[in-house]
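**Student:** One structure, as structure tokens, below. Some questions next.
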Amino acid sequence: MDRGAFFSIAIRQTRYIQCDLAWAIRSDLVKVIVADKFERVGLEGLAGLGFEVLSQPGIGTDELAKHLASQNAEVLVVRSTKVPASVIEKSGSLRLIVRAGAGVDNIDVGAATAKGIKVCNCPGMNAVAVAELAMGLLLCCDRRIPDQTFELRAGRWNKKEFGKTGAAGARGLKGMTLGVVGVGAIGQEVIRRATAFGMQVVAWSRGITPQHAAALNAEFGGTDTPALLALANRSDAISVHLPLADTTKKLFNKTFFDAMKPGAYFVNTSRGGIVDEAALREAIQTKGIRAGLDVYEFQPSEAEAGFESPTPKLPGVYGTHHSGASTEQAQLAVAHETVRIVKVFHETGRFENCVNA
């Protein structure tokens, strides 16, 4: 919408005005700052609750700090925008930060906790979307779909190469053993889809039990590091769904990749920091590991930027742009959940999905 353009909607007999940078309501109402692109249904939902909603996608960290200090907002909604301690320290009357997504590694939760600010997220809302991409990357590893597309676009017909089967070509997912590492909402959706493909699933998680695995139609794969290495040794493919934390940072290292079968597939749609990419590259080059990656160790934080990582350039690597949650279905679900979290906070003072309670 052009700057200065506006429209109005009547909600509770209050007039709301939208321009390209802000939703302006009555100045005496609770203010919510939305620092990233957000679905219209979410903006309208927040406005419908009677909040003054300031939508400023792409505001950036430095301007966000100034805005929080000057606007005295009580609620901040972010997606990818970083919220470091320097921003939180200048947050004025801020009481709640909502991460419109699952991971909160772009927010300094410790600094928020020290200032009495609650951090809430929207777990599970993007689970289906990420699981779908994980399966797509798995198929790319097996059938080399991007390579085939590239050859066709270059005007080359190469059925001789892409008709190969077995270790040199496609094996087919049916009958493969898939190790699913992390069985939260996303991991569970991956298991459902993998079993529909006829794969044998082994599930590993720090907190999983044999009963939990059985309920997911998966085999219990253990809870500790030796069990994780055993999983790597027996799996034809591995799909990772863990948050980035001190206990998971570079969990997938040389020891792990050394334990993987030659020619196995490794899919990561969670966080780049959980993988030692140098060790992964070595495994790709020496063991024929194929990888499907949506995230990278040193990926840009901006939506558009140069990216000169050696990993996605390797043959046998199929990459996407941290777009696992980027479907309309997922974003609408996240928007509705964000509105619900803010509504509950405003009406009851309770913080739903609070990660620093």
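In the structure tokens, chains take letters A, B, ... by order of appearance, with residues numbered from 1 within each chain and ligands from 1 in the order shown.
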Would you list, as a PyMOL selection string, the residues of region 143-349 of chain A that end up in alpha helix (DSSP H) under DSSP run on this structure's backbone?

**Tutor:** chain A and resi 143+145-153+159-162+185-196+210-215+225-234+254-259+277-287+328-348

**Student:** Which of region 106-210 of chain A end up as strand (DSSP E) when DSSP is run on this backbone - answer as a ChimeraX atom specification?

**Tutor:** /A:118-121,177-181,200-204

**Student:** Write out as an MDAnalysis selection string each polymer residue whose atoms come within 8 Å of Ile97 (chain A), counting only C-alpha atoms; drop sequence neighbours fewer than 2 positions from it.

**Tutor:** chainID A and resid 75:78 94:95 99 117:120

**Student:** Rank A:Ala330, A:Val202, A:Val130, A:Leu280 by their smallest atom-to-atom distance to Pro312 (chain A), using only C-alpha atoms, and report the top residue only.

**Tutor:**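 For Pro312 (chain A), the nearest of the given residues is A:Leu280.
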
**Student:** What's the 10 Å shell around Phe256 (chain A), counting only C-alpha atoms, without same-chain residues fewer than 2 positions away, as a short mmCIF file (atom, residue, chain, number, x, y, z; two decimals) with C-alpha atoms, in the first residue's frame?

**Tutor:**
data_model
loop_
_atom_site.label_atom_id
_atom_site.label_comp_id
_atom_site.auth_asym_id
_atom_site.auth_seq_id
_atom_site.Cartn_x
_atom_site.Cartn_y
_atom_site.Cartn_z
CA THR A 225 24.77 -39.76 23.05
CA PRO A 226 25.82 -43.42 22.64
CA LEU A 228 22.46 -41.27 19.04
CA LEU A 229 25.63 -42.68 17.52
CA ALA A 230 24.02 -46.10 17.30
CA LEU A 231 21.10 -44.46 15.50
CA ALA A 232 23.51 -42.87 13.02
CA ASN A 233 25.14 -46.24 12.39
CA LYS A 250 27.49 -28.89 17.13
CA LEU A 251 25.94 -32.10 18.42
CA PHE A 252 26.26 -33.38 14.87
CA ASN A 253 30.03 -33.41 14.62
CA LYS A 254 32.80 -35.56 13.15
CA ASP A 258 31.86 -40.96 11.13
CA ALA A 259 29.16 -43.21 12.59
CA MET A 260 26.77 -42.68 9.66
CA VAL A 275 25.83 -29.02 12.96
CA ASP A 276 29.60 -28.85 12.58
CA ALA A 279 32.66 -32.22 9.57
CA LEU A 280 29.53 -32.54 7.41
CA ALA A 283 31.50 -36.71 5.28
#

**Student:** Which one of A:Val334, A:Val181, A:Cys141, A:Leu244 sits closest to Pro315 (chain A) if you count only C-alpha atoms?

**Tutor:** A:Cys141

**Student:** Give me, as a list in words, all polymer residues having an atom no more than 12 Å from Phe345 (chain A), counting only C-alpha atoms and skipping those fewer than 3 positions away in the same chain.

**Tutor:**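 The residues satisfying every condition are Val30, Leu49, Glu74, Val75, Arg95, Leu96, Ile97, Val98, Lys118, Val119, Cys120, Thr338, Val339, Arg340, Ile341, Val342, Thr348, Gly349, Arg350, Phe351, Glu352, Asn353 and Cys354 of chain A.
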
**Student:** Which residue is closest to Arg171 (chain A)? Choose from A:Val83, A:Ile289, A:Arg143, A:Ala154 and count only C-alpha atoms.

**Tutor:**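 Closest residue, counting only C-alpha atoms: A:Arg143.
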
**Student:** Which one of A:Leu293, A:Ala111, A:Ala305, A:Met176 sits closest to Ala134 (chain A) if you count only C-alpha atoms?

**Tutor:** A:Leu293

**Student:** List the neighbours of Thr195 (chain A) out to 12 Å using only C-alpha atoms; skip same-chain residues closer than 3 positions along the sequence, and give me the result as a ChimeraX atom specification.

**Tutor:** /A:135,173-180,188-192,198-202,216-219

**Student:** Next, write the just-selected residues to a file, as a PDB file, in the first residue's frame, keeping N, CA and C atoms as the atom set.

**Tutor:**
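So the final result, stored in out_26.pdb, reads:
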ATOM      1  N   MET A 135      10.513 -33.688   4.288  1.00  0.00           N
ATOM      2  CA  MET A 135      10.251 -34.800   3.371  1.00  0.00           C
ATOM      3  C   MET A 135      10.650 -34.436   1.941  1.00  0.00           C
ATOM      4  N   LEU A 173      12.481 -44.421  -0.972  1.00  0.00           N
ATOM      5  CA  LEU A 173      12.324 -44.246   0.474  1.00  0.00           C
ATOM      6  C   LEU A 173      11.668 -45.448   1.145  1.00  0.00           C
ATOM      7  N   LYS A 174      10.823 -46.163   0.411  1.00  0.00           N
ATOM      8  CA  LYS A 174      10.139 -47.296   1.018  1.00  0.00           C
ATOM      9  C   LYS A 174      11.148 -48.341   1.491  1.00  0.00           C
ATOM     10  N   GLY A 175      10.985 -48.741   2.754  1.00  0.00           N
ATOM     11  CA  GLY A 175      11.875 -49.747   3.327  1.00  0.00           C
ATOM     12  C   GLY A 175      13.114 -49.174   3.976  1.00  0.00           C
ATOM     13  N   MET A 176      13.407 -47.897   3.743  1.00  0.00           N
ATOM     14  CA  MET A 176      14.554 -47.266   4.400  1.00  0.00           C
ATOM     15  C   MET A 176      14.300 -47.115   5.896  1.00  0.00           C
ATOM     16  N   THR A 177      15.371 -47.086   6.671  1.00  0.00           N
ATOM     17  CA  THR A 177      15.296 -46.753   8.093  1.00  0.00           C
ATOM     18  C   THR A 177      15.601 -45.273   8.250  1.00  0.00           C
ATOM     19  N   LEU A 178      14.633 -44.550   8.780  1.00  0.00           N
ATOM     20  CA  LEU A 178      14.796 -43.116   9.015  1.00  0.00           C
ATOM     21  C   LEU A 178      14.975 -42.864  10.502  1.00  0.00           C
ATOM     22  N   GLY A 179      16.079 -42.253  10.862  1.00  0.00           N
ATOM     23  CA  GLY A 179      16.289 -41.824  12.234  1.00  0.00           C
ATOM     24  C   GLY A 179      15.763 -40.413  12.414  1.00  0.00           C
ATOM     25  N   VAL A 180      14.790 -40.248  13.278  1.00  0.00           N
ATOM     26  CA  VAL A 180      14.237 -38.921  13.570  1.00  0.00           C
ATOM     27  C   VAL A 180      14.795 -38.474  14.913  1.00  0.00           C
ATOM     28  N   GLN A 188       7.259 -35.282  15.214  1.00  0.00           N
ATOM     29  CA  GLN A 188       6.092 -36.167  15.151  1.00  0.00           C
ATOM     30  C   GLN A 188       5.406 -36.089  13.787  1.00  0.00           C
ATOM     31  N   GLU A 189       5.348 -34.875  13.207  1.00  0.00           N
ATOM     32  CA  GLU A 189       4.747 -34.751  11.875  1.00  0.00           C
ATOM     33  C   GLU A 189       5.621 -35.434  10.819  1.00  0.00           C
ATOM     34  N   VAL A 190       6.923 -35.385  10.986  1.00  0.00           N
ATOM     35  CA  VAL A 190       7.820 -36.084  10.061  1.00  0.00           C
ATOM     36  C   VAL A 190       7.603 -37.592  10.163  1.00  0.00           C
ATOM     37  N   ILE A 191       7.462 -38.089  11.379  1.00  0.00           N
ATOM     38  CA  ILE A 191       7.231 -39.527  11.563  1.00  0.00           C
ATOM     39  C   ILE A 191       5.950 -39.959  10.848  1.00  0.00           C
ATOM     40  N   ARG A 192       4.888 -39.183  10.981  1.00  0.00           N
ATOM     41  CA  ARG A 192       3.628 -39.523  10.313  1.00  0.00           C
ATOM     42  C   ARG A 192       3.820 -39.617   8.796  1.00  0.00           C
ATOM     43  N   GLY A 198       6.234 -45.583   3.844  1.00  0.00           N
ATOM     44  CA  GLY A 198       6.702 -46.947   4.035  1.00  0.00           C
ATOM     45  C   GLY A 198       8.088 -47.055   4.645  1.00  0.00           C
ATOM     46  N   MET A 199       8.527 -45.993   5.321  1.00  0.00           N
ATOM     47  CA  MET A 199       9.842 -46.011   5.970  1.00  0.00           C
ATOM     48  C   MET A 199       9.726 -46.605   7.366  1.00  0.00           C
ATOM     49  N   GLN A 200      10.793 -47.209   7.839  1.00  0.00           N
ATOM     50  CA  GLN A 200      10.885 -47.704   9.208  1.00  0.00           C
ATOM     51  C   GLN A 200      11.529 -46.603  10.054  1.00  0.00           C
ATOM     52  N   VAL A 201      10.820 -46.098  11.038  1.00  0.00           N
ATOM     53  CA  VAL A 201      11.281 -44.934  11.786  1.00  0.00           C
ATOM     54  C   VAL A 201      11.821 -45.347  13.149  1.00  0.00           C
ATOM     55  N   VAL A 202      12.996 -44.808  13.476  1.00  0.00           N
ATOM     56  CA  VAL A 202      13.582 -44.946  14.807  1.00  0.00           C
ATOM     57  C   VAL A 202      13.674 -43.545  15.397  1.00  0.00           C
ATOM     58  N   LEU A 216       3.900 -43.395  18.601  1.00  0.00           N
ATOM     59  CA  LEU A 216       4.164 -42.672  17.363  1.00  0.00           C
ATOM     60  C   LEU A 216       4.411 -43.618  16.187  1.00  0.00           C
ATOM     61  N   ASN A 217       4.215 -44.924  16.407  1.00  0.00           N
ATOM     62  CA  ASN A 217       4.503 -45.935  15.385  1.00  0.00           C
ATOM     63  C   ASN A 217       5.973 -45.927  14.987  1.00  0.00           C
ATOM     64  N   ALA A 218       6.837 -45.670  15.984  1.00  0.00           N
ATOM     65  CA  ALA A 218       8.275 -45.642  15.752  1.00  0.00           C
ATOM     66  C   ALA A 218       8.971 -46.569  16.737  1.00  0.00           C
ATOM     67  N   GLU A 219      10.185 -46.925  16.410  1.00  0.00           N
ATOM     68  CA  GLU A 219      11.007 -47.722  17.314  1.00  0.00           C
ATOM     69  C   GLU A 219      11.742 -46.790  18.264  1.00  0.00           C
TER      70      GLU A 219
END

**Student:** Determine the nearest neighbour of His212 (chain A) from the options A:Phe307, A:Gly92, A:Asn356, A:Val183, counting only C-alpha atoms.

**Tutor:** A:Val183

**Student:** Excluding region 63-65 of chain A and its own-chain neighbours fewer than 3 positions away, which residues fall within 7 Å of it when counting only C-alpha atoms? Please give them as a list of chain:residue names.

**Tutor:** A:Ile59, A:Gly60, A:Leu68, A:Ala69, A:Val87, A:Lys90, A:Ser91

**Student:** Using the selection just defined, write its residues with C-alpha atoms as an mmCIF file, in the first residue's frame.

**Tutor:**
data_model
loop_
_atom_site.group_PDB
_atom_site.id
_atom_site.type_symbol
_atom_site.label_atom_id
_atom_site.label_comp_id
_atom_site.auth_asym_id
_atom_site.auth_seq_id
_atom_site.Cartn_x
_atom_site.Cartn_y
_atom_site.Cartn_z
ATOM 1 C CA ILE A 59 12.621 -1.803 11.442
ATOM 2 C CA GLY A 60 15.964 -3.346 12.442
ATOM 3 C CA LEU A 68 10.460 0.733 22.278
ATOM 4 C CA ALA A 69 11.863 3.556 24.389
ATOM 5 C CA VAL A 87 17.235 -3.496 22.983
ATOM 6 C CA LYS A 90 15.774 0.309 26.587
ATOM 7 C CA SER A 91 12.389 -1.356 26.440
#

**Student:** Mind pulling up the distance from CA of Glu328 (chain A) to CA of Gly136 (chain A)?

**Tutor:** 17.1 Å

**Student:** Using only C-alpha atoms, which residue out of A:Ala102, A:Ala215, A:Met125, A:Ala303 lies closest to His336 (chain A)?

**Tutor:**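 Counting only C-alpha atoms, the residue closest to His336 (chain A) is A:Met125.
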